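Okay, structure first, notes after.
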Amino acid sequence: MRESGLRMALTLLIIGAVCGGGIAAVNGITAPIIEERAMTEFLQALEGFFPEVENYEVQEIGNEVFYYCTDSSGNFIGVVGQVTADGYGGKISYDLAVNSSGDIIGIRISSHGETPGIGDVITTEEFQSRVIGLNYADPISPGVDVDTVSGATISSGGMLKSIRRVMDIIGENFLTN
Amino acid sequence: MSTLGQEFTKGLFKENPTFRLILGMCPTLAITTSAFFGFGMGISVLAVLLGSNIVISAVRNLIPDKVRMPAYILIIAAFVSMTDMLLNAFVPELHKALGIFIPLIVVNCIIMGRAEAFARKNNVIRSILDALGMGVGVTMSLTLVGIIREIFGAGSIFGYNIMGTAFEPMGVLASPPGAFITLGILLGFFNYAFKRLGIE
C-alpha cells in the first residue's frame, strides 16, 4: 500500500532527522561566534560599570558566574554577576554590578523573553533606576523600599526577587563588611 | 506552460506576494518601521523561501500526500532555525531588530503558499526561479513600505536623515495604525495602476 501508515511515519522520521541534523550543523558553526560576541559585549559592559578595572577573578557560584574586579593597585572595586531571574516569559539573563560598599551601581539585561511593550519595561531606565543605588543592607523587597511596575508585576517582581537573592550571594561571598 | 523567465518575473509585480497575493501581512505590518528592517526581513524571507522551495521540489514525489503539510512545516522550520542562527552570528543588529519575527517566518503564508501552490508540482529549476521572484518581490514591497513609513514617521531613509531638522515626524506612521494606513493606500494605488496598465 503506497499510502500506508508505516510509509508516512517513516517519511516524517527521515525528514525530521535530516532537518535536525541540518540545524545541529549550522548551530555548530554559529554558536561559538555568538558566544564570543556575548563575551565581548559583557566585558564592554564590565568596563562600563567599573572603568578603573585592571583585573578580574572569575568565580562560579551555583550556576552563575561572578567577576571579582580589582583596580591597578589590587584593590577590590566591585563584583559583576552574570545571573538569571524568572520572568513572565522564562529566564531573564542579566548582569548586576555591585561596588565594594555593597551598592548596586549598574544592571544590564542581556537576554529576556518578556512581552514587548509590557514586560520589557525591565530594560528601561524607569525600572532600572528604582534598583540602582540600593545597598546590600536594604530590604530590596517589593512594597517595602522598591515597587514593582504596575502592569508588569511578574516581570519586575521576578527581577526584584532575583536581585535580592544575588545580593545575598554577593554579600556572603565578596563583601567584607 | 510559462517560460523560465516568466517564472521569475511573475513574483516581482503581477503576482507580488504583498500587494497582489496579499500574503505575509503580519510581518509586513509589524516590521516595516524602517527601510532597513523591511529590507532585512525581505531578504530573510527570500532565503527561507529559496531553501524550502528547492528541498520540497526535490523530494516532492517521495512525500505521501497525506503527510505533506507536516513534512513541509518540518523543512520550513529547519530553514528558519538556520536563518535565525546565521543572522544572530553574522548580522546581529538585524537579528536584534527583527527579534521574534524571525521565528514567525515559519508561519508566513508566503512560504507555505508557494510550497503548496508551486514547489510540490514543479521541478527544482522552476521552483528556484519562483522562490527568487517571489523573494525579490516581497523584499521590494517590504522595503517600499519601510521607506515610506521611515520618511514620514522618522524623517530618514535607511538611517540617513533627509527631511531636515524642521520636519516634524508623524509618529502615527511608525506605529501599527500607520502600517495599516500605509499598506491600504499602497494597495489601492497598485490596484488602480495595474487596472490602468491592463494587468489583471
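Ordering of the C-alpha cells sets the chain letters (A, B, ...); residue numbers start at 1 within each chain; ligands are numbered from 1 in the order shown.
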
Test item: residues at most 10 Å from Phe90 (chain B), only C-alpha atoms, excluding those fewer than 6 positions along its chain, as a list in words: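 Everything that qualifies: Thr30, Ile33 and Ile34 of chain A.
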
Rows by chain and residue number, chain B within 8 Å of chain A, shortest pair, only C-alpha atoms, as a Markdown table:
```
| residue | atom | partner | partner_atom | distance |
| --- | --- | --- | --- | --- |
| B:Leu62 | CA | A:Thr11 | CA | 8.0 |
| B:Ile63 | CA | A:Thr11 | CA | 6.6 |
| B:Pro64 | CA | A:Met8 | CA | 6.1 |
| B:Asp65 | CA | A:Glu3 | CA | 7.9 |
| B:Lys66 | CA | A:Met8 | CA | 7.7 |
| B:Val67 | CA | A:Met8 | CA | 6.4 |
| B:Pro70 | CA | A:Leu12 | CA | 7.6 |
| B:Ala71 | CA | A:Leu12 | CA | 6.1 |
| B:Leu74 | CA | A:Gly16 | CA | 6.5 |
| B:Ile75 | CA | A:Cys19 | CA | 6.4 |
| B:Ala78 | CA | A:Cys19 | CA | 5.5 |
| B:Phe79 | CA | A:Ile23 | CA | 7.9 |
| B:Ser81 | CA | A:Ile23 | CA | 6.7 |
| B:Met82 | CA | A:Ile23 | CA | 5.8 |
| B:Met85 | CA | A:Thr30 | CA | 6.3 |
| B:Leu86 | CA | A:Thr30 | CA | 6.3 |
| B:Asn88 | CA | A:Ile34 | CA | 6.7 |
| B:Ala89 | CA | A:Ile34 | CA | 5.1 |
```

Near-Val121 (chain A) list (12 Å; only C-alpha atoms; drop same-chain fewer than 2 positions) as JSON, numbers by chain: {"A": [87, 109, 112, 113, 114, 115, 116, 117, 118, 119, 123, 124, 125, 126, 127, 128, 129, 130, 148, 149, 150, 151, 152, 153, 154, 155, 156, 157, 159]}

Which of chain A fall in strand (DSSP E or B), as number ranges by chain: A: 55-61, 64-70, 76-87, 90-99, 103-111, 135, 142, 146

Distance query region 158-169 of chain B at most 6 Å, only C-alpha atoms, self and fewer than 3 positions along chain excluded, as a count of residues only: 6

9 Å contact set for region 111-113 of chain B, only C-alpha atoms, chain neighbours under 2 positions out, as an mmCIF file with N, CA and C atoms, in the first residue's frame:
```cif
data_model
loop_
_atom_site.group_PDB
_atom_site.id
_atom_site.type_symbol
_atom_site.label_atom_id
_atom_site.label_comp_id
_atom_site.auth_asym_id
_atom_site.auth_seq_id
_atom_site.Cartn_x
_atom_site.Cartn_y
_atom_site.Cartn_z
ATOM 1 N N LEU B 23 -0.215 38.065 0.829
ATOM 2 C CA LEU B 23 0.299 37.059 1.747
ATOM 3 C C LEU B 23 1.334 37.681 2.671
ATOM 4 N N GLY B 24 1.513 37.090 3.852
ATOM 5 C CA GLY B 24 2.551 37.568 4.762
ATOM 6 C C GLY B 24 2.266 38.959 5.294
ATOM 7 N N VAL B 45 13.117 36.298 4.343
ATOM 8 C CA VAL B 45 12.042 35.515 3.724
ATOM 9 C C VAL B 45 12.533 34.894 2.426
ATOM 10 N N VAL B 48 14.730 31.811 3.216
ATOM 11 C CA VAL B 48 13.951 30.649 3.655
ATOM 12 C C VAL B 48 13.149 30.085 2.484
ATOM 13 N N LEU B 49 12.552 30.981 1.689
ATOM 14 C CA LEU B 49 11.734 30.559 0.549
ATOM 15 C C LEU B 49 12.567 29.762 -0.445
ATOM 16 N N SER B 52 13.395 26.290 1.144
ATOM 17 C CA SER B 52 12.254 25.382 1.250
ATOM 18 C C SER B 52 11.744 24.973 -0.124
ATOM 19 N N ASN B 53 11.692 25.918 -1.073
ATOM 20 C CA ASN B 53 11.230 25.564 -2.423
ATOM 21 C C ASN B 53 12.114 24.505 -3.060
ATOM 22 N N MET B 69 1.742 18.342 4.614
ATOM 23 C CA MET B 69 1.797 19.553 5.437
ATOM 24 C C MET B 69 2.805 19.444 6.573
ATOM 25 N N TYR B 72 6.276 19.613 5.096
ATOM 26 C CA TYR B 72 6.672 20.958 4.670
ATOM 27 C C TYR B 72 7.029 21.817 5.874
ATOM 28 N N ILE B 73 6.203 21.734 6.937
ATOM 29 C CA ILE B 73 6.457 22.536 8.135
ATOM 30 C C ILE B 73 7.826 22.200 8.712
ATOM 31 N N ILE B 76 10.447 23.794 6.416
ATOM 32 C CA ILE B 76 10.439 25.252 6.542
ATOM 33 C C ILE B 76 11.003 25.675 7.894
ATOM 34 N N ILE B 105 8.609 33.532 10.707
ATOM 35 C CA ILE B 105 8.648 33.278 9.265
ATOM 36 C C ILE B 105 8.131 31.867 8.966
ATOM 37 N N VAL B 106 8.217 30.957 9.975
ATOM 38 C CA VAL B 106 7.732 29.597 9.753
ATOM 39 C C VAL B 106 6.277 29.613 9.312
ATOM 40 N N VAL B 107 5.474 30.486 9.934
ATOM 41 C CA VAL B 107 4.055 30.513 9.607
ATOM 42 C C VAL B 107 3.716 31.633 8.638
ATOM 43 N N ASN B 108 4.739 32.200 7.998
ATOM 44 C CA ASN B 108 4.490 33.206 6.971
ATOM 45 C C ASN B 108 3.835 32.529 5.784
ATOM 46 N N CYS B 109 2.674 33.017 5.398
ATOM 47 C CA CYS B 109 1.895 32.334 4.367
ATOM 48 C C CYS B 109 2.587 32.296 3.023
ATOM 49 N N ALA B 115 4.971 26.653 -1.377
ATOM 50 C CA ALA B 115 5.210 25.212 -1.298
ATOM 51 C C ALA B 115 3.999 24.447 -1.812
ATOM 52 N N GLU B 116 2.827 24.837 -1.341
ATOM 53 C CA GLU B 116 1.584 24.177 -1.721
ATOM 54 C C GLU B 116 1.220 24.439 -3.170
ATOM 55 N N ALA B 117 1.356 25.702 -3.579
ATOM 56 C CA ALA B 117 0.852 26.081 -4.896
ATOM 57 C C ALA B 117 1.833 25.796 -6.015
ATOM 58 N N PHE B 118 3.098 25.711 -5.703
ATOM 59 C CA PHE B 118 4.076 25.632 -6.789
ATOM 60 C C PHE B 118 5.115 24.532 -6.615
ATOM 61 N N ALA B 131 10.941 30.962 -6.306
ATOM 62 C CA ALA B 131 11.350 31.469 -4.995
ATOM 63 C C ALA B 131 12.095 32.788 -5.129
#
```

Atom-to-atom span, CA of Ile122 (chain A) and CA of Asp145 (chain A), Å: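 About the pair CA of Ile122 (chain A) and CA of Asp145 (chain A): they are 17.3 Å apart.
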
Give me the residues near Leu142 (chain B) as a PDB file with C-alpha atoms, in the first residue's frame, where near means some atom within 7 Å (using only C-alpha atoms) and where sequence neighbours in that chain fewer than 3 positions away do not count.
```pdb
ATOM      1  CA  THR B  28       4.583  43.477   6.589  1.00  0.00           C
ATOM      2  CA  THR B  32       8.354  47.889   8.284  1.00  0.00           C
ATOM      3  CA  GLY B  38      11.801  45.945   5.781  1.00  0.00           C
ATOM      4  CA  PHE B  39      14.748  45.077   3.561  1.00  0.00           C
ATOM      5  CA  GLY B  42      12.551  40.586   2.899  1.00  0.00           C
ATOM      6  CA  VAL B 138       8.471  40.657  -1.219  1.00  0.00           C
ATOM      7  CA  THR B 139      11.799  42.373  -0.467  1.00  0.00           C
ATOM      8  CA  VAL B 145       6.535  50.243   2.860  1.00  0.00           C
ATOM      9  CA  GLY B 146       9.543  50.663   5.140  1.00  0.00           C
TER      10      GLY B 146
END
```

Which of region 1-199 of chain B DSSP labels alpha helix (DSSP H), written as a count of residues only: 129

Separation of CA of Ser111 (chain A) from CA of Phe101 (chain B), in Å and rounded to one decimal: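 Here the two named atoms are 16.1 Å from each other.
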
All residues 10 Å or closer to Val58 (chain A), only C-alpha atoms, same chain fewer than 3 positions away omitted, as a PyMOL selection string: chain A and resi 55+61+65-69+79-81

B:Met170, B:Ile102, B:Ile110, B:Val124 ranked by distance to Asn61 (chain B), top pick (using only C-alpha atoms):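 Answer, going by the shortest atom-to-atom distance: B:Val124.
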